[in-house]
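See below for run.txt, which holds compact mmCIF, C-alpha atoms and all ligand atoms.
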```txt
# COMPACT_ATOMS: atom_id res chain seq x y z
CA MET A 1 140.01 127.30 106.54
CA LYS A 2 140.58 123.64 105.86
CA GLY A 3 138.41 122.88 102.88
CA ARG A 4 134.80 122.64 101.92
CA VAL A 5 132.05 120.49 103.36
CA PHE A 6 128.93 119.53 101.46
CA SER A 7 126.03 117.42 102.61
CA GLY A 8 122.37 116.96 101.78
CA MET A 9 119.23 115.46 103.21
CA ARG A 10 116.07 114.47 101.44
CA PRO A 11 113.17 116.60 102.67
CA SER A 12 111.01 114.13 104.56
CA GLY A 13 109.77 116.51 107.25
CA ARG A 14 110.94 116.50 110.84
CA LEU A 15 114.27 114.81 111.50
CA HIS A 16 114.78 111.98 113.97
CA ILE A 17 117.49 111.16 116.48
CA GLY A 18 119.17 108.87 113.89
CA ASN A 19 119.61 111.83 111.54
CA TYR A 20 121.03 113.87 114.40
CA LEU A 21 123.43 111.31 115.85
CA GLY A 22 124.44 109.97 112.42
CA ALA A 23 124.92 113.21 110.51
CA LEU A 24 123.52 116.49 111.80
CA GLN A 25 125.79 116.69 114.85
CA ASN A 26 128.77 116.60 112.49
CA TRP A 27 127.15 119.22 110.26
CA VAL A 28 127.09 121.52 113.28
CA ALA A 29 130.61 120.70 114.49
CA LEU A 30 132.30 121.05 111.09
CA GLN A 31 131.18 124.67 110.80
CA GLU A 32 134.05 125.56 113.14
CA GLU A 33 136.74 124.63 110.66
CA TYR A 34 135.22 124.39 107.19
CA GLN A 35 133.11 126.38 104.84
CA CYS A 36 129.94 124.29 104.89
CA VAL A 37 127.24 123.94 102.25
CA TYR A 38 124.05 122.14 103.29
CA CYS A 39 121.30 121.25 100.88
CA ALA A 40 117.67 120.13 101.02
CA VAL A 41 117.68 117.76 98.06
CA ASP A 42 114.17 118.15 96.66
CA VAL A 43 115.07 116.75 93.23
CA HIS A 44 116.33 113.56 94.88
CA ALA A 45 112.96 113.36 96.64
CA LEU A 46 111.33 112.98 93.23
CA THR A 47 113.06 109.62 92.77
CA THR A 48 110.50 108.15 95.18
CA VAL A 49 107.75 110.79 95.62
CA GLN A 50 105.27 111.34 92.80
CA GLY A 51 102.00 113.07 91.96
CA GLU A 52 99.87 114.42 94.82
CA ALA A 53 102.54 113.59 97.39
CA THR A 54 104.92 116.17 95.87
CA LYS A 55 102.69 118.89 97.37
CA GLU A 56 104.23 118.03 100.74
CA ILE A 57 107.82 118.67 99.62
CA ARG A 58 107.79 122.39 100.37
CA SER A 59 106.46 122.06 103.89
CA ASP A 60 108.82 119.13 104.50
CA ILE A 61 111.73 121.38 103.53
CA ARG A 62 110.58 124.00 106.04
CA GLU A 63 110.27 121.46 108.87
CA MET A 64 113.70 120.04 108.10
CA VAL A 65 115.41 123.42 107.88
CA LEU A 66 113.89 124.45 111.22
CA ASP A 67 115.52 121.34 112.70
CA TRP A 68 118.86 122.28 111.14
CA LEU A 69 118.70 125.78 112.57
CA ALA A 70 117.56 124.63 116.00
CA ALA A 71 120.42 122.11 116.08
CA GLY A 72 122.92 124.94 115.58
CA ILE A 73 123.48 125.28 111.85
CA ASP A 74 124.41 128.94 111.45
CA PRO A 75 123.10 130.46 108.21
CA GLN A 76 125.58 133.34 108.44
CA ARG A 77 128.60 131.05 108.40
CA SER A 78 127.21 128.18 106.35
CA ILE A 79 125.26 128.06 103.10
CA LEU A 80 121.79 126.47 103.41
CA PHE A 81 119.80 126.05 100.24
CA VAL A 82 117.30 123.98 98.27
CA GLN A 83 118.74 121.82 95.50
CA SER A 84 116.30 122.89 92.75
CA HIS A 85 116.98 126.59 93.48
CA VAL A 86 120.45 126.12 91.95
CA PRO A 87 119.58 124.23 88.74
CA GLU A 88 123.23 124.15 87.58
CA VAL A 89 123.40 120.84 89.44
CA MET A 90 121.09 119.23 86.91
CA VAL A 91 123.36 120.28 84.05
CA LEU A 92 126.42 118.87 85.82
CA HIS A 93 124.43 115.69 86.48
CA THR A 94 123.87 115.28 82.74
CA LEU A 95 127.54 115.87 82.00
CA LEU A 96 128.65 113.35 84.66
CA SER A 97 126.20 110.79 83.31
CA MET A 98 128.35 110.71 80.13
CA VAL A 99 131.35 109.39 82.07
CA THR A 100 129.47 106.96 84.36
CA PRO A 101 129.17 103.35 83.19
CA LEU A 102 125.66 102.00 83.69
CA GLY A 103 127.08 98.86 85.30
CA TRP A 104 128.46 100.91 88.21
CA LEU A 105 124.98 102.26 88.95
CA LEU A 106 123.19 98.94 88.67
CA ARG A 107 125.63 97.42 91.18
CA VAL A 108 125.02 99.98 93.95
CA PRO A 109 123.50 98.03 96.87
CA THR A 110 121.10 100.84 97.81
CA PHE A 111 119.72 100.77 94.25
CA LYS A 112 118.99 97.06 94.42
CA GLU A 113 117.39 97.48 97.83
CA ARG A 114 115.22 100.37 96.66
CA VAL A 115 114.01 98.38 93.64
CA ARG A 116 113.04 95.56 96.02
CA GLN A 117 111.26 97.96 98.39
CA MET A 118 109.25 99.42 95.51
CA HIS A 119 108.22 95.91 94.41
CA GLU A 120 109.50 96.74 90.95
CA THR A 121 111.95 95.25 88.48
CA GLU A 122 115.16 97.01 87.44
CA GLU A 123 113.60 97.48 84.01
CA ALA A 124 110.54 99.28 85.40
CA VAL A 125 112.09 101.82 87.77
CA SER A 126 112.79 105.33 86.57
CA TYR A 127 115.99 106.39 84.87
CA GLY A 128 116.22 109.05 87.61
CA LEU A 129 116.37 106.46 90.36
CA VAL A 130 119.24 104.64 88.64
CA GLY A 131 121.04 107.98 88.38
CA TYR A 132 120.50 108.90 92.07
CA PRO A 133 124.22 108.64 92.93
CA VAL A 134 125.22 110.63 89.84
CA LEU A 135 123.04 113.53 90.98
CA MET A 136 124.51 113.16 94.46
CA THR A 137 128.02 113.33 92.98
CA ALA A 138 127.02 116.45 91.06
CA ASP A 139 125.74 118.00 94.32
CA ILE A 140 129.06 117.49 96.04
CA ILE A 141 131.53 118.35 93.29
CA LEU A 142 129.65 121.41 92.06
CA TYR A 143 131.03 122.95 95.27
CA LYS A 144 134.37 121.10 94.98
CA ALA A 145 133.73 119.74 98.46
CA ASP A 146 136.28 117.31 99.90
CA THR A 147 134.41 116.29 103.08
CA VAL A 148 130.91 114.87 103.26
CA PRO A 149 129.30 114.27 106.69
CA VAL A 150 126.74 111.46 106.34
CA GLY A 151 125.52 108.31 108.07
CA GLU A 152 126.87 104.87 107.24
CA ASP A 153 124.07 104.09 104.77
CA GLN A 154 125.54 106.68 102.37
CA LEU A 155 129.01 105.11 102.09
CA PRO A 156 128.28 103.16 98.86
CA HIS A 157 127.09 106.40 97.23
CA LEU A 158 130.28 108.20 98.22
CA GLU A 159 132.43 105.40 96.95
CA LEU A 160 130.73 105.74 93.60
CA ALA A 161 131.15 109.53 93.72
CA ARG A 162 134.91 109.04 94.10
CA GLU A 163 134.94 106.65 91.17
CA ILE A 164 133.08 109.11 88.96
CA VAL A 165 135.46 111.90 89.99
CA ARG A 166 138.52 109.75 89.31
CA ARG A 167 137.19 108.91 85.88
CA PHE A 168 136.35 112.51 85.04
CA ASN A 169 139.76 113.70 86.23
CA HIS A 170 141.47 110.93 84.26
CA ILE A 171 139.69 111.79 81.01
CA TYR A 172 139.54 115.60 81.26
CA GLY A 173 142.40 116.43 83.62
CA PRO A 174 142.40 117.15 87.37
CA THR A 175 139.25 119.18 88.07
CA PHE A 176 137.47 117.87 91.17
CA PRO A 177 138.67 116.69 94.60
CA GLU A 178 137.70 113.13 95.64
CA PRO A 179 135.05 113.54 98.34
CA GLN A 180 135.68 111.67 101.60
CA PRO A 181 132.91 110.65 104.02
CA LYS A 182 132.95 111.92 107.59
CA LEU A 183 131.14 109.64 110.03
CA THR A 184 130.12 110.35 113.62
CA GLN A 185 130.72 107.98 116.56
CA ALA A 186 127.18 106.68 115.90
CA PRO A 187 126.99 106.20 112.12
CA LEU A 188 124.01 103.81 112.25
CA ILE A 189 121.18 104.22 114.73
CA ILE A 190 118.70 101.35 114.96
CA GLY A 191 115.00 102.23 115.27
CA LEU A 192 112.49 101.42 118.01
CA ASP A 193 111.71 98.08 116.33
CA GLY A 194 115.19 97.05 117.49
CA GLN A 195 116.08 95.68 114.04
CA ASN A 196 116.14 98.20 111.22
CA LYS A 197 117.85 101.53 110.60
CA MET A 198 115.87 104.29 112.31
CA SER A 199 113.82 105.78 109.50
CA LYS A 200 110.62 107.70 109.03
CA SER A 201 109.49 105.34 106.28
CA LEU A 202 109.61 102.42 108.72
CA ASP A 203 107.82 104.44 111.42
CA ASN A 204 110.39 103.35 114.03
CA GLN A 205 111.75 106.82 114.78
CA VAL A 206 111.84 109.36 117.61
CA GLU A 207 111.56 112.85 116.15
CA LEU A 208 113.82 115.56 117.51
CA ALA A 209 110.90 117.99 117.63
CA ALA A 210 108.40 115.59 119.27
CA THR A 211 106.79 116.73 122.52
CA GLU A 212 107.90 115.14 125.79
CA GLU A 213 104.68 113.15 125.95
CA GLU A 214 105.00 111.91 122.34
CA THR A 215 108.57 110.89 123.07
CA ARG A 216 107.45 108.89 126.14
CA GLN A 217 104.69 107.17 124.21
CA ARG A 218 106.98 106.18 121.35
CA VAL A 219 109.84 105.00 123.51
CA MET A 220 107.42 102.83 125.54
CA GLN A 221 106.67 100.93 122.30
CA ALA A 222 110.35 100.10 121.75
CA PHE A 223 111.41 96.47 121.47
CA THR A 224 113.90 95.21 124.04
CA ASP A 225 115.60 91.81 124.39
CA PRO A 226 113.03 89.36 122.93
CA GLN A 227 114.23 86.62 125.31
CA ARG A 228 113.30 88.70 128.33
CA ILE A 229 109.66 87.71 128.73
CA ARG A 230 108.99 87.90 132.48
CA ARG A 231 110.12 90.75 134.68
CA THR A 232 112.32 88.26 136.59
CA ASP A 233 114.19 87.05 133.44
CA PRO A 234 117.71 88.48 133.26
CA GLY A 235 118.17 90.61 130.10
CA ARG A 236 120.99 90.86 127.55
CA PRO A 237 121.81 94.55 127.12
CA TRP A 238 124.24 93.72 124.32
CA VAL A 239 121.33 92.71 122.05
CA CYS A 240 118.96 95.46 123.27
CA ASN A 241 118.60 98.65 121.24
CA VAL A 242 117.15 100.53 124.21
CA TYR A 243 120.46 99.89 125.95
CA SER A 244 122.33 101.16 122.85
CA LEU A 245 120.31 104.36 122.96
CA HIS A 246 121.15 104.85 126.66
CA LYS A 247 124.78 105.20 125.52
CA HIS A 248 123.79 108.46 123.82
CA PHE A 249 121.17 109.83 126.19
CA ASN A 250 122.09 108.42 129.63
CA PRO A 251 125.85 107.88 129.44
CA ASP A 252 126.24 108.37 133.21
CA LYS A 253 123.68 105.65 134.02
CA LEU A 254 125.04 102.96 131.68
CA ASP A 255 126.67 100.73 134.30
CA TRP A 256 123.62 100.95 136.52
CA VAL A 257 121.29 99.98 133.65
CA TYR A 258 123.58 97.14 132.58
CA GLU A 259 123.62 95.66 136.05
CA GLY A 260 119.89 96.17 136.63
CA CYS A 261 119.06 94.50 133.32
CA THR A 262 121.41 91.50 133.65
CA LYS A 263 120.33 90.92 137.28
CA ALA A 264 116.65 91.55 136.53
CA THR A 265 116.38 94.25 139.18
CA LEU A 266 115.43 96.79 136.49
CA GLY A 267 112.39 95.98 134.32
CA CYS A 268 112.07 96.92 130.65
CA VAL A 269 109.20 99.34 131.33
CA GLU A 270 111.21 101.27 133.88
CA ASP A 271 114.25 101.10 131.63
CA LYS A 272 112.32 102.68 128.76
CA ARG A 273 110.91 105.36 131.02
CA LEU A 274 114.47 106.24 131.92
CA LEU A 275 115.45 106.41 128.25
CA ALA A 276 112.51 108.70 127.42
CA GLU A 277 113.56 110.97 130.29
CA GLY A 278 117.15 111.02 129.01
CA ILE A 279 116.02 111.93 125.49
CA ASN A 280 113.64 114.63 126.73
CA CYS A 281 116.32 116.12 128.93
CA ALA A 282 118.99 116.11 126.19
CA LEU A 283 116.63 117.63 123.61
CA ALA A 284 115.02 120.28 125.83
CA PRO A 285 117.28 123.15 124.66
CA PHE A 286 116.87 122.09 121.00
CA ARG A 287 113.08 122.02 121.35
CA GLU A 288 113.03 125.40 123.04
CA ARG A 289 115.11 126.95 120.23
CA ARG A 290 112.94 125.31 117.61
CA ARG A 291 109.79 126.83 119.12
CA GLU A 292 111.41 130.27 118.98
CA LEU A 293 112.46 129.80 115.36
CA GLU A 294 109.02 128.50 114.32
CA ALA A 295 107.52 131.74 115.57
CA LYS A 296 109.59 133.90 113.20
CA PRO A 297 107.62 134.32 109.99
CA GLY A 298 109.65 134.30 106.79
CA LEU A 299 112.84 133.18 108.50
CA VAL A 300 113.30 129.91 106.63
CA ASP A 301 112.46 131.44 103.23
CA GLU A 302 114.92 134.24 103.85
CA VAL A 303 117.71 131.84 104.87
CA LEU A 304 117.10 129.67 101.80
CA ARG A 305 116.93 132.61 99.40
CA ASP A 306 120.22 133.98 100.66
CA GLY A 307 121.75 130.47 100.60
CA ALA A 308 120.71 129.83 97.01
CA SER A 309 122.29 133.04 95.78
CA ARG A 310 125.60 132.30 97.58
CA ALA A 311 125.56 128.69 96.35
CA GLN A 312 124.81 129.71 92.78
CA GLU A 313 127.84 131.96 92.64
CA ILE A 314 130.11 128.97 93.29
CA ALA A 315 128.02 126.62 91.12
CA ARG A 316 128.24 128.80 88.01
CA LYS A 317 132.02 128.92 88.13
CA THR A 318 132.42 125.16 88.54
CA LEU A 319 129.91 124.40 85.81
CA SER A 320 131.69 126.67 83.29
CA GLU A 321 134.96 124.99 84.16
CA ALA A 322 133.48 121.50 83.64
CA MET A 323 131.91 122.54 80.32
CA GLU A 324 135.19 123.99 79.18
CA ARG A 325 137.04 120.79 80.09
CA MET A 326 134.50 118.78 78.14
CA GLY A 327 134.92 120.87 75.00
CA LEU A 328 131.59 122.68 75.26
CA ARG A 329 132.99 126.17 75.85
P1 LIG B 1 117.90 110.83 104.92
O1 LIG B 1 116.80 111.28 105.81
O2 LIG B 1 117.84 109.38 104.55
O3 LIG B 1 118.13 111.76 103.75
O4 LIG B 1 119.22 110.93 105.80
C1 LIG B 1 119.83 112.14 106.14
C2 LIG B 1 121.16 111.88 106.80
O5 LIG B 1 120.97 111.19 108.05
C3 LIG B 1 122.08 110.98 105.97
O6 LIG B 1 123.42 111.44 106.13
C4 LIG B 1 121.91 109.64 106.57
O7 LIG B 1 123.05 108.83 106.39
C5 LIG B 1 121.68 109.97 108.04
N1 LIG B 1 120.83 108.95 108.67
C6 LIG B 1 119.55 108.65 108.35
N2 LIG B 1 119.07 107.67 109.13
C7 LIG B 1 120.08 107.33 109.98
C8 LIG B 1 120.21 106.37 111.03
N3 LIG B 1 119.21 105.57 111.38
N4 LIG B 1 121.39 106.30 111.68
C9 LIG B 1 122.42 107.10 111.34
N5 LIG B 1 122.36 108.03 110.36
C10 LIG B 1 121.22 108.15 109.68
N1 LIG B 2 121.52 110.51 99.47
C1 LIG B 2 121.47 111.28 100.68
C2 LIG B 2 120.46 110.65 101.65
O1 LIG B 2 119.60 109.91 101.25
C3 LIG B 2 121.09 112.70 100.43
C4 LIG B 2 122.06 113.43 99.56
C5 LIG B 2 121.85 113.92 98.31
C6 LIG B 2 123.40 113.76 99.88
N2 LIG B 2 122.94 114.56 97.84
C7 LIG B 2 123.91 114.47 98.78
C8 LIG B 2 124.21 113.53 101.00
C9 LIG B 2 125.24 114.94 98.76
C10 LIG B 2 125.53 113.99 100.96
C11 LIG B 2 126.03 114.69 99.86
O2 LIG B 2 120.52 110.92 102.81
```
Produce structure tokens that represent the structure in this file.
Ligand code: AMP
Ligand code: TRP
Amino acid sequence: MKGRVFSGMRPSGRLHIGNYLGALQNWVALQEEYQCVYCAVDVHALTTVQGEATKEIRSDIREMVLDWLAAGIDPQRSILFVQSHVPEVMVLHTLLSMVTPLGWLLRVPTFKERVRQMHETEEAVSYGLVGYPVLMTADIILYKADTVPVGEDQLPHLELAREIVRRFNHIYGPTFPEPQPKLTQAPLIIGLDGQNKMSKSLDNQVELAATEEETRQRVMQAFTDPQRIRRTDPGRPWVCNVYSLHKHFNPDKLDWVYEGCTKATLGCVEDKRLLAEGINCALAPFRERRRELEAKPGLVDEVLRDGASRAQEIARKTLSEAMERMGLR
């Protein structure tokens, strides 16, 4: 055993190929060597979801966990649980907030971006949103994890987590390891709009669990090289996100696509059809497994109940230790 892995995802329903290529494939692979703890972070969801919309959180958790299981996360070997089922994390969050300067949080680029997206001012957003990375730090260090598989967008949060840990350890003595990110070969997947990070909120995603027909329809809407207007115009694969996606789903056809695109012998419509086929072919075993898992009533609840009790055992110990260090025990 090397060490411990922790990672989390906000429950936003079915995952997309960006989540898989950027993070989930590492979640699966790391199970070979590490003890892995994977969390559906429902409390983090409350930083942006409010009121009526919170009724979706529970079904979103179920959809997401089915994707985890279908992708090969093994609930016997790894711990899968829901963040709010182990409330110790919220206590640790409060304790960590005492050693985190507000300036650090206000400088996080994802915070500034989120405030902009919400059309709010920094004064008006919730205290919880400012503390997002503190709760994320609490998630990780409650399990004393040293390795955190995530996509590139999470790097600023992990940098802050290391700073908080260093400060805690400096003030109260060595207690927590500094968590290091673990990226995949594809840490940032661009969406079908060809411009932004693939994300459900931007509706530019291809869901892992989509049907073959849905996948075809979505991929056909993808943007290609904007300078390629007529079928006879040569394309520039190096600016085309459809070409980037071929690298993952049609690696054996890359040279052929490159040549066809640059010489205008392959049109964008045909190119996208080929990509949809590649995605459908690569995801067929995943989709088959997911259908089998969906048909098992109670499976997800059972996995999450068992996960929460295993997670809580570790969490209680770490929390007592932190409280002791801080003079509370
Ligand atoms: P989220 O759905 O934002 O909670 O993301 C879950 C995990 O997937 C995180 O580790 C993200 O960094 C990763 N992720 C999300 N979107 C992408 C993307 N477009 N490309 C690569 N990784 C991503
Ligand atoms: N912030 C992460 C995201 O948006 C989710 C998350 C919460 C997380 N806690 C974590 C990721 C701990 C890694 C480790 O995707």
Find the residues near ligand LIG 1 (chain B). Use a cut-off of 9 Å, count only C-alpha atoms and all ligand atoms, and write them as an mmCIF file with C-alpha atoms, in the coordinates of the input.
```
data_model
loop_
_atom_site.group_PDB
_atom_site.id
_atom_site.type_symbol
_atom_site.label_atom_id
_atom_site.label_comp_id
_atom_site.auth_asym_id
_atom_site.auth_seq_id
_atom_site.Cartn_x
_atom_site.Cartn_y
_atom_site.Cartn_z
ATOM 1 C CA SER A 7 126.030 117.420 102.610
ATOM 2 C CA GLY A 8 122.370 116.960 101.780
ATOM 3 C CA MET A 9 119.230 115.460 103.210
ATOM 4 C CA ARG A 10 116.070 114.470 101.440
ATOM 5 C CA PRO A 11 113.170 116.600 102.670
ATOM 6 C CA SER A 12 111.010 114.130 104.560
ATOM 7 C CA GLY A 13 109.770 116.510 107.250
ATOM 8 C CA LEU A 15 114.270 114.810 111.500
ATOM 9 C CA HIS A 16 114.780 111.980 113.970
ATOM 10 C CA ILE A 17 117.490 111.160 116.480
ATOM 11 C CA GLY A 18 119.170 108.870 113.890
ATOM 12 C CA ASN A 19 119.610 111.830 111.540
ATOM 13 C CA TYR A 20 121.030 113.870 114.400
ATOM 14 C CA LEU A 21 123.430 111.310 115.850
ATOM 15 C CA GLY A 22 124.440 109.970 112.420
ATOM 16 C CA ALA A 23 124.920 113.210 110.510
ATOM 17 C CA LEU A 24 123.520 116.490 111.800
ATOM 18 C CA ALA A 40 117.670 120.130 101.020
ATOM 19 C CA VAL A 41 117.680 117.760 98.060
ATOM 20 C CA ALA A 45 112.960 113.360 96.640
ATOM 21 C CA VAL A 148 130.910 114.870 103.260
ATOM 22 C CA PRO A 149 129.300 114.270 106.690
ATOM 23 C CA VAL A 150 126.740 111.460 106.340
ATOM 24 C CA GLY A 151 125.520 108.310 108.070
ATOM 25 C CA GLU A 152 126.870 104.870 107.240
ATOM 26 C CA ASP A 153 124.070 104.090 104.770
ATOM 27 C CA GLN A 154 125.540 106.680 102.370
ATOM 28 C CA LEU A 155 129.010 105.110 102.090
ATOM 29 C CA LEU A 183 131.140 109.640 110.030
ATOM 30 C CA THR A 184 130.120 110.350 113.620
ATOM 31 C CA ALA A 186 127.180 106.680 115.900
ATOM 32 C CA PRO A 187 126.990 106.200 112.120
ATOM 33 C CA LEU A 188 124.010 103.810 112.250
ATOM 34 C CA ILE A 189 121.180 104.220 114.730
ATOM 35 C CA ILE A 190 118.700 101.350 114.960
ATOM 36 C CA GLY A 191 115.000 102.230 115.270
ATOM 37 C CA ASN A 196 116.140 98.200 111.220
ATOM 38 C CA LYS A 197 117.850 101.530 110.600
ATOM 39 C CA MET A 198 115.870 104.290 112.310
ATOM 40 C CA SER A 199 113.820 105.780 109.500
ATOM 41 C CA LYS A 200 110.620 107.700 109.030
ATOM 42 C CA GLN A 205 111.750 106.820 114.780
#
```
ask   = So how many Å separate atom CA of A:Ala70 and atom CA of A:Leu293, to one decimal?
value = 7.3 Å
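With only C-alpha atoms as the basis for measurement, A:Phe286 is the residue among A:Trp256, A:Trp104, A:Phe286, A:Tyr38 that approaches A:Leu208 most closely.
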message = Using Å and a single decimal, report how far atom CA of A:Asn280 sits from atom CA of A:Thr215.
response =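 These atoms are spaced 7.3 Å apart.
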Take every atom of ligand LIG 2 (chain B) listed in the file, pad by 8 Å on each side, and give me the axis-aligned box centre and edge lengths in Å, one decimal, as lines of an AutoDock Vina configuration file.
```
center_x = 122.8
center_y = 112.4
center_z = 100.3
size_x = 22.4
size_y = 21.0
size_z = 21.0
```
ask   = For A:Asp233, which residue out of A:Leu142, A:Ile314, A:Cys261, A:Asn169 is the nearest one, using all atoms listed in the file?
value =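 Checking each of A:Leu142, A:Ile314, A:Cys261, A:Asn169 against A:Asp233, counting all atoms listed in the file, the winner is A:Cys261.
The residue that comes closest to ligand LIG 2 (chain B), out of A:His248, A:His93, A:Lys253, A:Arg167 and on the basis of only C-alpha atoms and all ligand atoms, is A:His93.
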Shell of 7 Å around stretch 89-92 of chain A, only C-alpha atoms, local chain residues under 5 positions omitted, as JSON, numbers by chain = {"A": [138, 139, 142, 319]}
remark   = Shortest contact to A:Met64, candidates A:Leu328, A:Val300, A:Leu30, A:Val5, atoms counted only C-alpha atoms, goes to A:Val300
remark   = Residue with the minimum atom-to-atom distance to ligand LIG 2 (chain B), picked from A:Cys268, A:Ile229, A:Val134, A:Leu283 with only C-alpha atoms and all ligand atoms counted, is A:Val134
message = Restricting the calculation to all atoms listed in the file: of A:Arg316, A:Arg14, A:Ile57, A:Met136, which residue gets closest to A:Val206?
response = A:Arg14
key: d(atom CA of A:Asp67, atom CA of A:Lys272) in Å   =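 Computing it gives 24.8 Å between the two atoms.
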request  = Could you give me, as JSON, numbers by chain, the residues that sit within 9 Å of (116.6, 106.7, 128.4) in the file's coordinates, counting all atoms listed in the file?
outcome  = {"A": [219, 242, 243, 245, 246, 247, 248, 249, 250, 271, 272, 273, 274, 275, 276, 277, 278, 279, 280]}
request  = For stretch 74-88 of chain A, work out the shell of residues within 9 Å, counting all atoms listed in the file and skipping chain neighbours fewer than 4 positions away, then give it as number ranges by chain.
outcome  = A: 8, 28, 31, 34-44, 61, 65, 68-69, 92-93, 139, 142, 303-312, 315-316, 319
